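Shown below: input_34.txt, with compact mmCIF, C-alpha atoms.
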# COMPACT_ATOMS: atom_id res chain seq x y z
CA MET A 1 -39.13 -35.87 -2.08
CA GLN A 2 -37.49 -32.47 -2.49
CA ARG A 3 -35.13 -33.25 0.36
CA LEU A 4 -34.25 -36.58 -1.23
CA ILE A 5 -33.37 -34.88 -4.52
CA LEU A 6 -31.35 -32.27 -2.66
CA ALA A 7 -29.46 -34.93 -0.70
CA ALA A 8 -28.75 -36.91 -3.88
CA THR A 9 -27.55 -33.77 -5.64
CA VAL A 10 -25.25 -32.84 -2.76
CA LEU A 11 -23.77 -36.33 -2.72
CA LEU A 12 -23.42 -36.83 -6.46
CA PHE A 13 -22.67 -33.29 -7.59
CA PRO A 14 -19.01 -33.09 -6.48
CA GLN A 15 -18.19 -36.48 -7.97
CA THR A 16 -19.64 -35.74 -11.39
CA VAL A 17 -18.73 -32.09 -11.55
CA PHE A 18 -15.29 -31.91 -10.01
CA ALA A 19 -13.96 -35.31 -11.14
CA GLN A 20 -10.59 -35.10 -12.91
CA ASN A 21 -11.02 -35.40 -16.63
CA THR A 22 -8.53 -38.19 -17.26
CA ASP A 23 -10.47 -39.66 -20.14
CA PRO A 24 -10.32 -37.22 -23.07
CA THR A 25 -13.72 -38.41 -24.31
CA GLY A 26 -15.29 -38.33 -20.84
CA VAL A 27 -17.68 -35.55 -19.95
CA SER A 28 -16.63 -33.68 -16.85
CA PHE A 29 -18.10 -30.26 -16.28
CA LEU A 30 -15.35 -28.86 -14.08
CA GLY A 31 -12.70 -31.56 -14.44
CA TRP A 32 -10.57 -29.19 -16.50
CA MET A 33 -10.06 -27.17 -13.33
CA ALA A 34 -7.59 -29.85 -12.20
CA TRP A 35 -8.90 -30.23 -8.66
CA THR A 36 -6.82 -31.64 -5.83
CA TRP A 37 -8.23 -32.60 -2.45
CA GLN A 38 -6.07 -29.93 -0.82
CA THR A 39 -7.55 -27.12 -2.92
CA ALA A 40 -11.05 -28.60 -2.53
CA LEU A 41 -10.55 -28.55 1.24
CA PHE A 42 -9.29 -24.97 1.08
CA PHE A 43 -12.35 -23.75 -0.84
CA THR A 44 -14.66 -25.80 1.37
CA CYS A 45 -13.22 -24.00 4.41
CA ILE A 46 -13.82 -20.63 2.73
CA ALA A 47 -17.39 -21.64 1.82
CA VAL A 48 -18.06 -22.92 5.36
CA ALA A 49 -16.70 -19.66 6.80
CA LEU A 50 -19.00 -17.62 4.56
CA LEU A 51 -22.00 -19.82 5.35
CA THR A 52 -21.27 -19.59 9.09
CA MET A 53 -21.04 -15.81 8.84
CA THR A 54 -24.38 -15.74 6.98
CA VAL A 55 -26.10 -17.91 9.57
CA TRP A 56 -24.53 -15.84 12.34
CA GLU A 57 -25.77 -12.64 10.70
CA ILE A 58 -29.31 -14.06 10.40
CA ALA A 59 -29.25 -15.22 14.01
CA LYS A 60 -27.66 -12.03 15.37
CA PRO A 61 -28.00 -9.26 12.78
CA GLY A 62 -25.86 -6.14 12.76
CA GLY A 63 -22.46 -7.62 12.07
CA ALA A 64 -21.28 -6.66 15.58
CA PRO A 65 -19.90 -3.27 14.50
CA ARG A 66 -17.06 -2.09 16.65
CA GLU A 67 -15.64 1.33 17.36
CA PRO A 68 -12.15 1.94 15.97
CA GLY A 69 -9.68 -0.61 17.26
CA LEU A 70 -5.96 -0.87 16.65
CA LEU A 71 -6.22 0.00 12.95
CA ARG A 72 -8.44 3.03 13.73
CA ILE A 73 -11.25 1.81 11.47
CA ASP A 74 -14.85 0.77 12.17
CA THR A 75 -15.19 -2.95 11.52
CA THR A 76 -17.97 -5.52 11.46
CA ARG A 77 -17.31 -9.20 12.05
CA GLY A 78 -17.28 -9.72 8.26
CA ASP A 79 -14.59 -7.03 7.91
CA ARG A 80 -12.54 -8.73 10.59
CA LEU A 81 -12.81 -12.10 8.82
CA PHE A 82 -11.71 -10.49 5.56
CA ILE A 83 -8.75 -8.79 7.26
CA SER A 84 -7.77 -12.12 8.85
CA LEU A 85 -7.96 -14.03 5.54
CA LEU A 86 -6.06 -11.40 3.58
CA SER A 87 -3.44 -11.15 6.32
CA ALA A 88 -3.13 -14.95 6.38
CA ALA A 89 -2.33 -14.91 2.66
CA TYR A 90 0.34 -12.24 3.16
CA ILE A 91 1.83 -13.99 6.20
CA HIS A 92 2.22 -17.20 4.17
CA LEU A 93 3.73 -15.33 1.22
CA ALA A 94 6.15 -13.48 3.50
CA TRP A 95 7.17 -16.77 5.08
CA LEU A 96 7.85 -18.29 1.67
CA ALA A 97 9.82 -15.23 0.58
CA PHE A 98 11.99 -14.71 3.67
CA PHE A 99 12.14 -17.98 5.63
CA SER A 100 12.85 -21.54 4.67
CA GLY A 101 11.22 -23.39 7.61
CA PRO A 102 8.02 -25.45 7.43
CA LEU A 103 4.97 -23.50 6.29
CA TRP A 104 3.05 -24.63 9.38
CA TRP A 105 4.79 -21.89 11.32
CA ALA A 106 3.23 -19.32 9.03
CA SER A 107 -0.17 -20.97 9.53
CA ILE A 108 0.24 -20.80 13.32
CA ILE A 109 1.20 -17.12 13.12
CA ALA A 110 -1.82 -16.50 10.85
CA VAL A 111 -4.19 -18.14 13.34
CA ILE A 112 -2.74 -16.11 16.24
CA TRP A 113 -3.01 -12.98 14.13
CA ALA A 114 -6.65 -13.82 13.23
CA ALA A 115 -7.47 -14.18 16.92
CA ALA A 116 -5.80 -10.82 17.59
CA VAL A 117 -7.79 -9.22 14.76
CA ALA A 118 -11.04 -10.68 16.13
CA LYS A 119 -10.22 -9.30 19.57
CA TRP A 120 -8.58 -5.93 19.02
CA VAL A 121 -9.12 -4.62 15.47
CA MET B 1 -47.79 -0.75 8.18
CA ASN B 2 -46.89 -4.42 8.16
CA LYS B 3 -44.66 -5.50 5.31
CA THR B 4 -44.82 -9.04 3.96
CA LEU B 5 -41.46 -10.74 4.16
CA ASN B 6 -40.85 -12.33 0.77
CA HIS B 7 -37.57 -14.13 0.30
CA ARG B 8 -38.35 -14.86 -3.35
CA ALA B 9 -36.77 -11.50 -4.17
CA TRP B 10 -33.40 -13.19 -3.61
CA TRP B 11 -33.90 -14.99 -6.95
CA MET B 12 -33.41 -11.59 -8.61
CA VAL B 13 -29.75 -11.76 -7.52
CA LEU B 14 -29.25 -15.07 -9.29
CA PRO B 15 -28.23 -13.67 -12.73
CA VAL B 16 -25.46 -11.55 -11.24
CA LEU B 17 -24.30 -14.46 -9.10
CA ILE B 18 -24.03 -16.68 -12.18
CA LEU B 19 -22.21 -13.94 -14.07
CA VAL B 20 -19.71 -13.34 -11.26
CA ALA B 21 -19.20 -17.09 -10.85
CA MET B 22 -18.50 -17.51 -14.55
CA ASN B 23 -16.14 -14.59 -15.04
CA ALA B 24 -14.47 -14.34 -11.65
CA VAL B 25 -14.96 -17.14 -9.13
CA ILE B 26 -14.49 -20.19 -11.37
CA PRO B 27 -11.43 -18.75 -13.19
CA LEU B 28 -9.92 -17.81 -9.82
CA MET B 29 -10.52 -21.30 -8.45
CA THR B 30 -8.88 -22.77 -11.54
CA VAL B 31 -5.85 -20.55 -11.07
CA VAL B 32 -5.59 -21.65 -7.42
CA ASN B 33 -5.71 -25.29 -8.55
CA PHE B 34 -3.00 -24.73 -11.15
CA SER B 35 -0.80 -22.83 -8.69
CA VAL B 36 -0.20 -25.88 -6.50
CA GLN B 37 0.41 -28.37 -9.30
CA GLU B 38 3.03 -29.20 -11.89
CA GLU B 39 1.56 -29.77 -15.34
CA PHE B 40 3.35 -31.99 -17.79
CA TYR B 41 1.63 -32.97 -21.03
CA GLY B 42 -1.83 -32.74 -19.47
CA GLU B 43 -0.82 -34.68 -16.35
CA PHE B 44 -0.99 -32.80 -13.04
CA SER B 45 0.97 -33.55 -9.91
CA PHE B 46 0.62 -31.76 -6.57
CA ILE B 47 3.72 -29.81 -5.47
CA GLY B 48 2.30 -27.65 -2.67
CA MET B 49 3.48 -24.04 -2.43
CA GLN B 50 6.63 -24.55 -4.49
CA TRP B 51 5.54 -22.24 -7.31
CA PHE B 52 4.89 -19.44 -4.84
CA ALA B 53 8.31 -19.84 -3.24
CA ASP B 54 9.94 -19.89 -6.69
CA THR B 55 8.06 -16.82 -7.86
CA LEU B 56 8.71 -14.77 -4.73
CA THR B 57 12.44 -15.46 -4.81
CA ASN B 58 12.71 -15.08 -8.58
CA GLU B 59 14.75 -12.02 -9.62
CA ARG B 60 12.73 -11.69 -12.82
CA PHE B 61 9.47 -11.32 -10.84
CA GLN B 62 11.07 -8.90 -8.38
CA ASN B 63 12.39 -6.72 -11.20
CA ALA B 64 9.00 -6.72 -12.97
CA LEU B 65 7.36 -5.70 -9.67
CA ILE B 66 9.85 -2.86 -9.14
CA ARG B 67 9.26 -1.62 -12.69
CA GLN B 68 5.51 -1.87 -12.16
CA LEU B 69 5.61 0.14 -8.93
CA ALA B 70 7.93 2.73 -10.48
CA PHE B 71 5.57 3.13 -13.43
CA THR B 72 2.43 3.33 -11.28
CA PHE B 73 3.81 5.91 -8.85
CA THR B 74 5.33 7.99 -11.65
CA ILE B 75 2.08 8.28 -13.57
CA LEU B 76 0.14 8.98 -10.35
CA LEU B 77 2.57 11.77 -9.46
CA ILE B 78 2.05 13.31 -12.90
CA GLU B 79 -1.61 12.61 -13.66
CA ILE B 80 -3.25 13.59 -10.36
CA PRO B 81 -1.75 17.12 -10.02
CA LEU B 82 -2.00 17.70 -13.78
CA GLY B 83 -5.63 16.54 -13.84
CA VAL B 84 -6.53 18.82 -10.92
CA PHE B 85 -4.70 21.74 -12.53
CA ILE B 86 -6.56 21.32 -15.85
CA ALA B 87 -9.90 20.91 -14.04
CA LEU B 88 -9.26 24.17 -12.15
CA LYS B 89 -8.53 25.98 -15.40
CA MET B 90 -11.59 24.68 -17.25
CA PRO B 91 -14.61 27.00 -17.60
CA ARG B 92 -17.42 26.19 -15.16
CA SER B 93 -20.31 26.88 -17.55
CA GLY B 94 -21.20 27.96 -21.07
CA ARG B 95 -20.37 26.60 -24.50
CA TRP B 96 -16.64 26.31 -23.82
CA ALA B 97 -17.29 24.11 -20.82
CA SER B 98 -19.03 21.61 -23.10
CA VAL B 99 -16.26 21.84 -25.70
CA CYS B 100 -13.61 21.22 -23.04
CA LEU B 101 -15.52 18.25 -21.63
CA VAL B 102 -15.86 16.64 -25.07
CA LEU B 103 -12.16 17.21 -25.79
CA MET B 104 -11.24 15.73 -22.43
CA ALA B 105 -13.42 12.67 -23.00
CA LEU B 106 -11.90 11.91 -26.45
CA PRO B 107 -8.76 10.04 -25.33
CA LEU B 108 -10.87 7.85 -23.05
CA LEU B 109 -12.98 6.68 -25.99
CA ILE B 110 -10.06 5.30 -27.97
CA PRO B 111 -9.50 1.53 -27.64
CA TRP B 112 -6.36 0.68 -25.71
CA ASN B 113 -4.64 -1.23 -28.50
CA VAL B 114 -5.28 1.69 -30.86
CA VAL B 115 -3.64 4.04 -28.33
CA GLY B 116 -0.59 1.76 -28.30
CA ALA B 117 -0.48 1.61 -32.10
CA MET B 118 -0.90 5.39 -32.40
CA TRP B 119 1.99 6.12 -30.06
CA ASN B 120 4.06 3.39 -31.64
CA ILE B 121 3.98 5.29 -34.91
CA TYR B 122 3.92 8.78 -33.39
CA ALA B 123 7.16 8.21 -31.43
CA LEU B 124 9.17 6.41 -34.09
CA PRO B 125 12.52 8.20 -34.51
CA ASP B 126 12.46 8.40 -38.30
CA ILE B 127 8.82 8.68 -39.43
CA GLY B 128 6.91 9.48 -36.24
CA PHE B 129 6.15 13.15 -35.66
CA MET B 130 7.18 13.18 -32.00
CA GLY B 131 10.30 11.06 -32.48
CA TYR B 132 11.34 13.08 -35.52
CA MET B 133 10.82 16.42 -33.76
CA ILE B 134 12.76 15.35 -30.67
CA ASN B 135 15.64 14.15 -32.81
CA ALA B 136 15.54 17.35 -34.86
CA GLY B 137 15.75 19.28 -31.57
CA ALA B 138 18.65 17.12 -30.42
CA GLY B 139 20.40 17.83 -33.75
CA PHE B 140 19.87 21.53 -33.17
CA PHE B 141 21.61 21.24 -29.80
CA GLY B 142 24.61 19.50 -31.29
CA HIS B 143 23.77 15.81 -31.47
CA ASP B 144 25.42 14.22 -34.50
CA PRO B 145 22.80 12.15 -36.46
CA ALA B 146 25.66 9.99 -37.73
CA ASN B 147 25.78 8.45 -34.22
CA GLY B 148 22.21 7.24 -34.63
CA PRO B 149 19.01 8.92 -33.41
CA TRP B 150 19.23 10.61 -30.00
CA PHE B 151 15.68 9.49 -29.17
CA ASP B 152 14.79 5.93 -30.15
CA TYR B 153 12.31 4.16 -27.91
CA THR B 154 12.87 0.87 -29.71
CA GLN B 155 16.53 0.85 -28.61
CA GLU B 156 16.89 3.06 -25.54
CA PRO B 157 15.23 2.09 -22.21
CA VAL B 158 14.99 5.73 -21.05
CA ALA B 159 13.28 6.74 -24.30
CA ALA B 160 10.94 3.74 -24.00
CA TRP B 161 9.98 4.71 -20.45
CA PHE B 162 9.49 8.33 -21.48
CA THR B 163 7.18 7.26 -24.33
CA VAL B 164 5.17 4.78 -22.23
CA ILE B 165 4.65 7.35 -19.45
CA LEU B 166 3.77 10.11 -21.92
CA MET B 167 1.28 7.79 -23.63
CA ASP B 168 -0.38 6.92 -20.32
CA VAL B 169 -0.52 10.57 -19.26
CA TRP B 170 -2.11 11.47 -22.60
CA HIS B 171 -4.60 8.62 -22.36
CA TRP B 172 -5.68 8.80 -18.74
CA THR B 173 -5.18 12.32 -17.35
CA SER B 174 -8.62 13.11 -18.81
CA LEU B 175 -10.21 10.71 -16.34
CA VAL B 176 -8.68 12.60 -13.42
CA VAL B 177 -9.75 15.89 -15.02
CA LEU B 178 -13.35 14.76 -15.39
CA LEU B 179 -13.55 13.44 -11.83
CA ALA B 180 -11.89 16.53 -10.36
CA TYR B 181 -14.16 18.74 -12.49
CA ALA B 182 -17.22 16.90 -11.15
CA GLY B 183 -15.92 17.49 -7.62
CA LEU B 184 -15.42 21.20 -8.32
CA GLN B 185 -18.88 21.58 -9.85
CA SER B 186 -20.48 20.22 -6.70
CA ILE B 187 -19.06 23.05 -4.54
CA ASP B 188 -21.73 25.53 -3.52
CA ASN B 189 -21.14 29.13 -4.65
CA ALA B 190 -21.69 30.30 -1.06
CA TYR B 191 -18.22 29.00 -0.15
CA TYR B 192 -16.58 31.17 -2.81
CA GLN B 193 -18.63 34.19 -1.75
CA ALA B 194 -17.58 33.71 1.87
CA ALA B 195 -13.95 33.37 0.79
CA ARG B 196 -14.21 36.60 -1.26
CA ILE B 197 -15.67 38.49 1.71
CA ASP B 198 -12.81 37.21 3.89
CA GLY B 199 -10.30 38.28 1.25
CA ALA B 200 -8.93 34.77 0.83
CA SER B 201 -6.09 34.30 -1.65
CA ARG B 202 -6.39 31.97 -4.67
CA TRP B 203 -4.20 29.43 -2.90
CA SER B 204 -6.33 29.56 0.28
CA VAL B 205 -9.49 28.97 -1.76
CA PHE B 206 -7.85 25.92 -3.31
CA ARG B 207 -6.35 24.63 -0.07
CA TYR B 208 -9.31 25.12 2.26
CA ILE B 209 -12.36 24.91 -0.04
CA GLN B 210 -11.69 23.15 -3.34
CA LEU B 211 -9.23 20.48 -2.25
CA PRO B 212 -11.29 19.24 0.76
CA LYS B 213 -14.43 19.20 -1.38
CA MET B 214 -12.63 17.24 -4.11
CA LYS B 215 -11.18 14.76 -1.62
CA HIS B 216 -13.76 12.07 -2.28
CA THR B 217 -13.59 12.20 -6.08
CA LEU B 218 -9.80 12.45 -5.98
CA THR B 219 -9.64 9.34 -3.83
CA ILE B 220 -11.69 7.54 -6.47
CA ALA B 221 -9.40 8.95 -9.18
CA VAL B 222 -6.27 7.72 -7.36
CA LEU B 223 -7.86 4.32 -6.81
CA LEU B 224 -8.91 3.94 -10.44
CA ARG B 225 -5.59 5.12 -11.80
CA PHE B 226 -3.65 2.92 -9.40
CA MET B 227 -5.65 -0.15 -10.38
CA ASP B 228 -5.55 0.54 -14.11
CA SER B 229 -1.86 1.38 -14.19
CA PHE B 230 -0.98 -1.57 -11.98
CA MET B 231 -2.77 -3.90 -14.38
CA ILE B 232 -1.64 -2.13 -17.56
CA TYR B 233 -0.97 -4.50 -20.43
CA THR B 234 -2.32 -3.54 -23.84
CA GLU B 235 -0.75 -0.14 -24.45
CA PRO B 236 2.88 -0.95 -23.50
CA SER B 237 2.53 -4.37 -25.09
CA VAL B 238 1.60 -2.82 -28.44
CA LEU B 239 4.03 0.10 -28.05
CA THR B 240 7.22 -1.61 -26.88
CA GLY B 241 6.33 -5.29 -26.39
CA GLY B 242 8.06 -5.02 -22.99
CA GLY B 243 11.36 -3.91 -24.50
CA PRO B 244 13.97 -2.89 -25.28
CA GLY B 245 15.29 -5.89 -23.38
CA ASN B 246 12.96 -6.14 -20.40
CA SER B 247 12.98 -2.44 -19.58
CA THR B 248 9.20 -1.95 -19.95
CA THR B 249 8.16 -5.48 -19.01
CA PHE B 250 5.60 -4.79 -16.32
CA LEU B 251 3.95 -7.47 -14.20
CA SER B 252 1.08 -8.22 -16.58
CA ILE B 253 3.37 -8.42 -19.62
CA ASP B 254 5.70 -10.76 -17.73
CA LEU B 255 2.72 -12.83 -16.63
CA VAL B 256 1.48 -13.25 -20.19
CA LYS B 257 5.01 -14.17 -21.34
CA ILE B 258 5.20 -16.89 -18.69
CA ALA B 259 1.65 -18.20 -19.17
CA LEU B 260 1.31 -18.09 -22.96
CA GLY B 261 4.89 -17.73 -24.19
CA GLN B 262 6.46 -20.38 -21.98
CA GLN B 263 3.24 -22.34 -21.24
CA ASP B 264 4.45 -22.42 -17.64
CA LEU B 265 0.98 -22.69 -16.09
CA GLY B 266 1.91 -23.36 -12.44
CA ASN B 267 4.38 -20.50 -12.29
CA ALA B 268 1.95 -18.14 -14.04
CA ALA B 269 -0.89 -19.19 -11.72
CA ALA B 270 1.20 -18.50 -8.59
CA MET B 271 2.25 -15.15 -10.02
CA SER B 272 -1.39 -14.32 -10.85
CA ILE B 273 -2.47 -14.99 -7.26
CA ILE B 274 0.33 -12.84 -5.81
CA TYR B 275 -0.61 -10.11 -8.29
CA PHE B 276 -4.29 -10.47 -7.36
CA LEU B 277 -3.51 -10.23 -3.63
CA MET B 278 -1.63 -6.98 -4.17
CA ILE B 279 -4.58 -5.49 -6.06
CA LEU B 280 -7.00 -6.79 -3.44
CA LEU B 281 -5.05 -5.21 -0.58
CA VAL B 282 -4.84 -1.81 -2.24
CA SER B 283 -8.52 -1.93 -3.28
CA TRP B 284 -9.55 -2.76 0.26
CA LEU B 285 -7.36 -0.01 1.72
CA PHE B 286 -8.80 2.62 -0.61
CA TYR B 287 -12.36 1.39 -0.13
CA THR B 288 -12.03 1.35 3.66
CA LEU B 289 -10.40 4.78 3.80
CA THR B 290 -13.08 6.22 1.50
CA MET B 291 -15.95 4.73 3.50
CA GLN B 292 -14.43 5.83 6.83
CA GLY B 293 -13.99 9.33 5.41
CA GLU B 294 -17.63 9.41 4.33
CA LYS B 295 -18.83 8.30 7.76
CA LYS B 296 -16.88 11.14 9.40
Can I see the file as C-alpha cells?
Amino acid sequence: MQRLILAATVLLFPQTVFAQNTDPTGVSFLGWMAWTWQTALFFTCIAVALLTMTVWEIAKPGGAPREPGLLRIDTTRGDRLFISLLSAAYIHLAWLAFFSGPLWWASIIAVIWAAAVAKWV
Amino acid sequence: MNKTLNHRAWWMVLPVLILVAMNAVIPLMTVVNFSVQEEFYGEFSFIGMQWFADTLTNERFQNALIRQLAFTFTILLIEIPLGVFIALKMPRSGRWASVCLVLMALPLLIPWNVVGAMWNIYALPDIGFMGYMINAGAGFFGHDPANGPWFDYTQEPVAAWFTVILMDVWHWTSLVVLLAYAGLQSIDNAYYQAARIDGASRWSVFRYIQLPKMKHTLTIAVLLRFMDSFMIYTEPSVLTGGGPGNSTTFLSIDLVKIALGQQDLGNAAAMSIIYFLMILLVSWLFYTLTMQGEKK
C-alpha cells in the first residue's frame, strides 16, 4: 500500500505542483515558477547526479579521495563533480561572451573538461 | 561495543532541509526558469540562453562589474592591513581590552540602512560635519566657495567613491580587527618568550610568529569581506543611490534597477545567475584553500 501511494505521488506530484498557472483562479503550488521542460530536464539531471553520487557513496564509501592532482588540491569524487559543474557553467558563459557559434560546442568542451577533471584533478 | 544503526536520526535534518529549500533552492530554481524565458504581461516564452548572451555583452553590466571589482579590491586593500594594525595595537588583557572590544563591535551593530543614512548626512557638503570640514579645509588652501563646494559627493564621482569607501572602512574594519585579535589571542606566550631570547625584532615577531598564526582567521576575514563587499547594496543605495550618474552603481544596485525599476525579469534573472556563479567560485576557492591549509 505504501509503495502504491509513493508511486501515485511520484506520478501525480510533478503535474499538480509544477503545472503552469495559466488560469489565474487555478491553484498551482509551484506554477508561478514558470517551468519549461528544458529547465525541468536540467534540474532533473542535477538531481539524478546527486542521487547517483549518494548511492555510489553508500555502495563504496570514502568518496575516493585522491592525492593532489593538476590543481594541487585533495579531491573526493563529489569535489570533482562540483568542479566539473561549476566549470561547465563558466565554459558556457565564456562561449556566450566571446564566440557566436552554436552553444553545443561549449557543451562538448564542458564534457571533455569534466572527463579530464575526473581523471587528472 | 555494538552500536545500533538507526536511520531515523536523518529526520532531524528535515527542518533545515525545508528551510534551505524555501529560502535558497526554490528561489534559485525560479530565477533559472526566468533566465531562459521572455515575460510579457504574465505570458512566458522560451528564448534559450539569449538573456545570458545579452547580459555578458552588455556594456552596462561590464561597467557595473568593473566598478564592483574596483570597490571590493580597494576596501580589501585598506581594511585588511588596517584591521591587523589596530588588532596589534589593542591591549591583550585588562579593562582597556574590554573597552576596545566594545568600541570595535559598535559599528557592526548598526543596521546597514542606518549606516547609509548616517553617512549621507555626515558627508553632505553644507550641513554634514565631514563634508563641511573638508570644504572648509579646501577653502583654507585657496578653493573659492563661489565655484561651488570642492567636496560634494552628490555631484562629484570621486567624492562619491571616497565617501562610499570611507563608510565601508568605518563600518567593516572592526570585523577584521576582531578576527585578527582572536587570532593573536590564540598565540601561546612561549612563542614570544622564545623570540625574546633569540633577540627577534618587532617585525620578525610579526612576520614569523603573528602573521602565520593569524593566517586562518585572516583568510576567513578576507572571505567574509570579499563576499559582503561584492554583494553590497544597502549602504551605497541609501548614501548615493548609485550616483552621481552611474558612478557608484555596483552590481547589486544595477540588478535591482533592472529587476524592480525596469521589471526586466529575464535580464535580471540571467544577471543574478552570473553574479551567483562569481560568488560561488570565490567561495569555493577560499573554502578549498582554507581546508587544504588546515590539513597541512
Considering all atoms listed in the file, state which residue in the set B:Ser229, B:Thr154, B:Asn120, B:Gln292 is at the smallest distance from chain A.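 Counting all atoms listed in the file, the residue closest to chain A is B:Gln292.
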Counting only C-alpha atoms, the option among A:Ile83, A:Ala49, A:Met33, A:Ala115 closest to chain B: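 The closest residue to chain B is A:Met33.
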Atom CA of Leu85 of chain A to atom CA of Val222 of chain B, straight-line distance in Å: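 Those two atoms sit 25.3 Å apart.
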Would you kindly return, as a PDB file with C-alpha atoms, in the frame of the given file, each protein, DNA or RNA residue with an atom no farther than 9 Å from any atom of segment 248-254 of chain B, considering all atoms listed in the file and excluding same-chain residues fewer than 3 positions away?
ATOM      1  CA  ARG B  60      12.730 -11.690 -12.820  1.00  0.00           C
ATOM      2  CA  PHE B  61       9.470 -11.320 -10.840  1.00  0.00           C
ATOM      3  CA  ASN B  63      12.390  -6.720 -11.200  1.00  0.00           C
ATOM      4  CA  ALA B  64       9.000  -6.720 -12.970  1.00  0.00           C
ATOM      5  CA  LEU B  65       7.360  -5.700  -9.670  1.00  0.00           C
ATOM      6  CA  ILE B  66       9.850  -2.860  -9.140  1.00  0.00           C
ATOM      7  CA  ARG B  67       9.260  -1.620 -12.690  1.00  0.00           C
ATOM      8  CA  GLN B  68       5.510  -1.870 -12.160  1.00  0.00           C
ATOM      9  CA  LEU B  69       5.610   0.140  -8.930  1.00  0.00           C
ATOM     10  CA  PHE B  71       5.570   3.130 -13.430  1.00  0.00           C
ATOM     11  CA  PRO B 157      15.230   2.090 -22.210  1.00  0.00           C
ATOM     12  CA  ALA B 160      10.940   3.740 -24.000  1.00  0.00           C
ATOM     13  CA  TRP B 161       9.980   4.710 -20.450  1.00  0.00           C
ATOM     14  CA  VAL B 164       5.170   4.780 -22.230  1.00  0.00           C
ATOM     15  CA  PHE B 230      -0.980  -1.570 -11.980  1.00  0.00           C
ATOM     16  CA  MET B 231      -2.770  -3.900 -14.380  1.00  0.00           C
ATOM     17  CA  ILE B 232      -1.640  -2.130 -17.560  1.00  0.00           C
ATOM     18  CA  TYR B 233      -0.970  -4.500 -20.430  1.00  0.00           C
ATOM     19  CA  THR B 234      -2.320  -3.540 -23.840  1.00  0.00           C
ATOM     20  CA  PRO B 236       2.880  -0.950 -23.500  1.00  0.00           C
ATOM     21  CA  SER B 237       2.530  -4.370 -25.090  1.00  0.00           C
ATOM     22  CA  THR B 240       7.220  -1.610 -26.880  1.00  0.00           C
ATOM     23  CA  GLY B 241       6.330  -5.290 -26.390  1.00  0.00           C
ATOM     24  CA  GLY B 242       8.060  -5.020 -22.990  1.00  0.00           C
ATOM     25  CA  GLY B 243      11.360  -3.910 -24.500  1.00  0.00           C
ATOM     26  CA  PRO B 244      13.970  -2.890 -25.280  1.00  0.00           C
ATOM     27  CA  GLY B 245      15.290  -5.890 -23.380  1.00  0.00           C
ATOM     28  CA  LYS B 257       5.010 -14.170 -21.340  1.00  0.00           C
ATOM     29  CA  ILE B 258       5.200 -16.890 -18.690  1.00  0.00           C
ATOM     30  CA  ALA B 259       1.650 -18.200 -19.170  1.00  0.00           C
ATOM     31  CA  MET B 271       2.250 -15.150 -10.020  1.00  0.00           C
ATOM     32  CA  SER B 272      -1.390 -14.320 -10.850  1.00  0.00           C
ATOM     33  CA  TYR B 275      -0.610 -10.110  -8.290  1.00  0.00           C
TER      34      TYR B 275
END
Find the distance between atom CA of Leu265 of chain B and atom CA of Phe99 of chain A and write it in Å to one decimal. 24.9 Å
Interface list for chain A, partner chain B, 6 Å threshold, all atoms listed in the file, as a list in words: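 Putting it all together, I get Met33, Trp35, Leu96 and Ala97 of chain A.
Interatomic distance, atom CA of Phe276 of chain B to atom CA of Ser84 of chain A: 16.7 Å.
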Find the spatial neighbours of segment 130-143 of chain B, counting all atoms listed in the file, within a cut-off of 10 Å - ignore same-chain residues fewer than 3 positions away - and output them as a list of chain:residue names.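 The residues that qualify are B:Trp119, B:Asn120, B:Ile121, B:Tyr122, B:Ala123, B:Leu124, B:Pro125, B:Asp126, B:Ile127, B:Ala146, B:Asn147, B:Gly148, B:Pro149, B:Trp150, B:Phe151, B:Asp152, B:Tyr153, B:Ala159, B:Thr163.
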If we count all atoms listed in the file and set the cut-off at 9 Å, which residues sit around segment 200-216 of chain B, ignoring sequence neighbours fewer than 2 positions away in its own chain? Please answer as a list of chain:residue names.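 In the requested format, the answer is B:Leu179, B:Ala180, B:Tyr181, B:Ala182, B:Gly183, B:Leu184, B:Ser186, B:Ile187, B:Tyr191, B:Tyr192, B:Ala194, B:Ala195, B:Arg196, B:Ile197, B:Asp198, B:Leu218, B:Thr219, B:Ile220, B:Ala221, B:Thr290, B:Gly293, B:Glu294.
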Residue with smallest distance to Ala270 of chain B - pool B:Ala9, B:Leu255, B:Leu82, B:Ala105, counting all atoms listed in the file: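 Closest candidate: B:Leu255.
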Residues at most 8 Å from segment 61-68 of chain A, counting only C-alpha atoms, excluding those fewer than 6 positions away in the same chain, as a PyMOL selection string? chain A and resi 74-78+121
Mind writing the picked residues with C-alpha atoms as a short mmCIF file (atom, residue, chain, number, x, y, z; two decimals), keeping the file's coordinate frame?
data_model
loop_
_atom_site.label_atom_id
_atom_site.label_comp_id
_atom_site.auth_asym_id
_atom_site.auth_seq_id
_atom_site.Cartn_x
_atom_site.Cartn_y
_atom_site.Cartn_z
CA ASP A 74 -14.85 0.77 12.17
CA THR A 75 -15.19 -2.95 11.52
CA THR A 76 -17.97 -5.52 11.46
CA ARG A 77 -17.31 -9.20 12.05
CA GLY A 78 -17.28 -9.72 8.26
CA VAL A 121 -9.12 -4.62 15.47
#
Give me the residues within 12 Å of Leu77 of chain B as a PyMOL selection string, counting all atoms listed in the file and dropping any in the same chain fewer than 2 places off. chain B and resi 70-75+79-84+165+169+173+176+222+225-226
Between A:Tyr90, A:Trp32, A:Trp56, A:Phe43, which has the minimum distance to Trp113 of chain A (counting only C-alpha atoms)?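 Going through A:Tyr90, A:Trp32, A:Trp56, A:Phe43 one by one, the smallest distance to Trp113 of chain A is for A:Tyr90.
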